[in-house]
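A.B. asks: Here it is: the structure, laid out below.
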Amino acid sequence: MAKGKLKDVVPKLVALLESVEAEERGRAIQAAFLTLGEGAVQLPSGLGTGGGGGVGAGAPGGQMTAQAYFKAKQPKNKIEELAVAARYREQRENAEISSKADIQNVVIKARLNFDANNFRRDIDNAKKAKLFNIGGGNDAHMLSAYGQDYVDTLPNRDGLKALSSGKKKRGGAKKKGK
């Protein structure tokens, strides 16, 4: 495939990004780099964090501490804790992928217990709940778009009911008429 010249590519990128909401542009750029195998790109502060995450107060430099973030999100179980930790890293460090050690570090900074012995079970359950993307190897965990929306909606439990996880609902067996 022929490589495009910068002067030809930039206007096309700008045209595509104009159709995306401002707070989503950073995510789009990050996703494009990850898709191309380039790894995460360092974006300017506030870009690519998505909206509604609540990172912005509580620590020097305007960044919310892990402890304050968890307190604001109020996760109710281990899979929610994993998702909250991963989302915190996305917003604070522009980290699209989190390892077990990365997640453990955030959970410990939030002054919560980290269950290292059951991490595999918990992350698998979080993937089944569609909070994380399936795959990525044993130590590369990426929140799904649903997972990001889920954490951004916390602690609003009623708002979570309105989210669509992309799960197909199964209908029960149809009863035959007599």
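Residues in the structure tokens are named by chain (A, B, ... in the order shown) and by number from 1 within that chain; ligands are numbered from 1 in the order shown.
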Might you pull out every residue within 9 Å of A:Tyr88, with only C-alpha atoms counted and same-chain residues fewer than 4 positions away left off, and present them as a VMD selection string?
C.D. replies: chain A and resid 53 55 66 69 to 70 83 to 84 92 to 93 95 106
A.B. asks: For a quick check of understanding, using only C-alpha atoms, which of A:Arg157, A:Lys127, A:Lys7, A:His141 has the smallest distance to A:Glu96?
C.D. replies: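 Closest to A:Glu96, using only C-alpha atoms: A:His141.
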A.B. asks: With only C-alpha atoms as the atoms that count, which of A:Val10, A:Arg27, A:Ala15, A:Asn105 lies nearest to A:Ala145?
C.D. replies: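 Distance minimum relative to A:Ala145 lands on A:Arg27.
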A.B. asks: When distances are computed from only C-alpha atoms, which of A:Asn133, A:Thr65, A:Ser98, A:Gln91 shows the smallest separation from A:Asp152?
C.D. replies: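 With only C-alpha atoms as the atom set, the closest residue is A:Gln91.
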A.B. asks: What's the 10 Å shell around A:Val151, counting only C-alpha atoms, without same-chain residues fewer than 5 positions away, as a PyMOL selection string?
C.D. replies: chain A and resi 52-53+73-75+80-81+83-88+131+143+146+156+160
A.B. asks: Quick one: residues within 10 Å of A:Lys78, only C-alpha atoms counted, chain neighbours fewer than 3 positions away excluded, as an MDAnalysis selection string?
C.D. replies: chainID A and resid 75 81:84 113:115 118:119 122:123 125:126
A.B. asks: Using atom CA of A:Ser19 and atom CA of A:Phe132 as the two end points, give the distance in Å to one decimal.
C.D. replies: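 Rounded to one decimal, the two atoms are 26.2 Å apart.
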A.B. asks: To test your reading of the structure, identify every residue in stretch 92-172 of chain A that backbone DSSP assigns to helix (DSSP H, G or I), and report it as a ChimeraX atom specification.
C.D. replies: /A:92-93,100-109,116-128,145-153,157-162
A.B. asks: Give me a file of those residues, with N, CA and C atoms, as a short mmCIF file (atom, residue, chain, number, x, y, z; two decimals), in the first residue's frame.
C.D. replies:
data_model
loop_
_atom_site.label_atom_id
_atom_site.label_comp_id
_atom_site.auth_asym_id
_atom_site.auth_seq_id
_atom_site.Cartn_x
_atom_site.Cartn_y
_atom_site.Cartn_z
N ARG A 92 -6.13 9.36 34.10
CA ARG A 92 -5.01 10.03 34.76
C ARG A 92 -3.71 9.91 33.98
N GLU A 93 -3.49 8.73 33.37
CA GLU A 93 -2.21 8.45 32.72
C GLU A 93 -2.32 8.22 31.22
N LYS A 100 -2.05 -6.50 35.39
CA LYS A 100 -2.46 -6.84 36.75
C LYS A 100 -1.75 -5.93 37.75
N ALA A 101 -0.45 -5.71 37.55
CA ALA A 101 0.32 -4.86 38.47
C ALA A 101 -0.18 -3.42 38.44
N ASP A 102 -0.55 -2.91 37.25
CA ASP A 102 -1.08 -1.55 37.14
C ASP A 102 -2.37 -1.40 37.93
N ILE A 103 -3.26 -2.36 37.75
CA ILE A 103 -4.56 -2.33 38.44
C ILE A 103 -4.34 -2.47 39.95
N GLN A 104 -3.46 -3.39 40.34
CA GLN A 104 -3.15 -3.60 41.75
C GLN A 104 -2.63 -2.31 42.38
N ASN A 105 -1.76 -1.62 41.69
CA ASN A 105 -1.19 -0.38 42.20
C ASN A 105 -2.27 0.66 42.48
N VAL A 106 -3.23 0.81 41.57
CA VAL A 106 -4.30 1.78 41.76
C VAL A 106 -5.20 1.37 42.93
N VAL A 107 -5.56 0.09 42.99
CA VAL A 107 -6.43 -0.39 44.06
C VAL A 107 -5.77 -0.17 45.42
N ILE A 108 -4.48 -0.44 45.51
CA ILE A 108 -3.77 -0.23 46.77
C ILE A 108 -3.68 1.25 47.11
N LYS A 109 -3.45 2.11 46.11
CA LYS A 109 -3.43 3.56 46.36
C LYS A 109 -4.79 4.05 46.84
N ALA A 116 -4.98 -10.69 44.91
CA ALA A 116 -4.09 -11.16 43.85
C ALA A 116 -4.35 -12.63 43.50
N ASN A 117 -4.72 -13.43 44.49
CA ASN A 117 -4.94 -14.86 44.24
C ASN A 117 -6.14 -15.11 43.34
N ASN A 118 -7.12 -14.24 43.36
CA ASN A 118 -8.33 -14.44 42.55
C ASN A 118 -8.45 -13.43 41.42
N PHE A 119 -7.36 -12.77 41.07
CA PHE A 119 -7.40 -11.76 40.00
C PHE A 119 -7.86 -12.36 38.68
N ARG A 120 -7.32 -13.52 38.30
CA ARG A 120 -7.70 -14.14 37.02
C ARG A 120 -9.19 -14.39 36.98
N ARG A 121 -9.76 -14.93 38.05
CA ARG A 121 -11.20 -15.17 38.11
C ARG A 121 -11.98 -13.86 37.97
N ASP A 122 -11.54 -12.84 38.71
CA ASP A 122 -12.25 -11.57 38.72
C ASP A 122 -12.17 -10.87 37.37
N ILE A 123 -11.00 -10.89 36.72
CA ILE A 123 -10.88 -10.23 35.41
C ILE A 123 -11.69 -11.00 34.36
N ASP A 124 -11.72 -12.33 34.47
CA ASP A 124 -12.55 -13.12 33.54
C ASP A 124 -14.03 -12.79 33.74
N ASN A 125 -14.45 -12.63 34.98
CA ASN A 125 -15.83 -12.25 35.25
C ASN A 125 -16.13 -10.85 34.73
N ALA A 126 -15.16 -9.95 34.84
CA ALA A 126 -15.34 -8.59 34.30
C ALA A 126 -15.45 -8.63 32.78
N LYS A 127 -14.72 -9.52 32.14
CA LYS A 127 -14.82 -9.67 30.68
C LYS A 127 -16.17 -10.26 30.30
N LYS A 128 -16.65 -11.22 31.06
CA LYS A 128 -17.98 -11.80 30.80
C LYS A 128 -19.08 -10.75 30.96
N ALA A 145 -15.76 -0.11 25.47
CA ALA A 145 -16.50 1.16 25.43
C ALA A 145 -17.63 1.12 26.46
N TYR A 146 -18.28 -0.04 26.58
CA TYR A 146 -19.32 -0.20 27.59
C TYR A 146 -18.74 -0.04 29.00
N GLY A 147 -17.54 -0.61 29.22
CA GLY A 147 -16.88 -0.50 30.52
C GLY A 147 -16.58 0.94 30.87
N GLN A 148 -16.13 1.71 29.88
CA GLN A 148 -15.86 3.13 30.11
C GLN A 148 -17.14 3.86 30.47
N ASP A 149 -18.20 3.62 29.71
CA ASP A 149 -19.49 4.26 30.00
C ASP A 149 -20.02 3.83 31.37
N TYR A 150 -19.82 2.57 31.69
CA TYR A 150 -20.28 2.02 32.97
C TYR A 150 -19.62 2.77 34.13
N VAL A 151 -18.29 2.87 34.09
CA VAL A 151 -17.57 3.55 35.17
C VAL A 151 -17.93 5.04 35.19
N ASP A 152 -18.04 5.66 34.01
CA ASP A 152 -18.39 7.08 33.96
C ASP A 152 -19.77 7.33 34.56
N THR A 153 -20.67 6.35 34.48
CA THR A 153 -22.02 6.49 35.00
C THR A 153 -22.07 6.28 36.52
N ARG A 157 -26.73 4.15 39.92
CA ARG A 157 -27.18 2.78 39.64
C ARG A 157 -28.37 2.76 38.69
N ASP A 158 -29.24 3.74 38.78
CA ASP A 158 -30.38 3.80 37.86
C ASP A 158 -29.89 4.08 36.44
N GLY A 159 -28.86 4.92 36.31
CA GLY A 159 -28.30 5.22 35.00
C GLY A 159 -27.65 4.00 34.36
N LEU A 160 -27.12 3.09 35.19
CA LEU A 160 -26.49 1.87 34.65
C LEU A 160 -27.50 1.00 33.93
N LYS A 161 -28.73 1.00 34.41
CA LYS A 161 -29.76 0.18 33.78
C LYS A 161 -30.05 0.62 32.36
N ALA A 162 -29.82 1.89 32.07
CA ALA A 162 -30.11 2.43 30.74
C ALA A 162 -28.98 2.15 29.74
#
A.B. asks: Could you work out how far atom CA of A:Arg111 lies from atom CA of A:Ser144, giving the answer in Å with one decimal?
C.D. replies: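 Straight-line distance from atom CA of A:Ser144 to atom CA of A:Arg111 works out to 25.3 Å.
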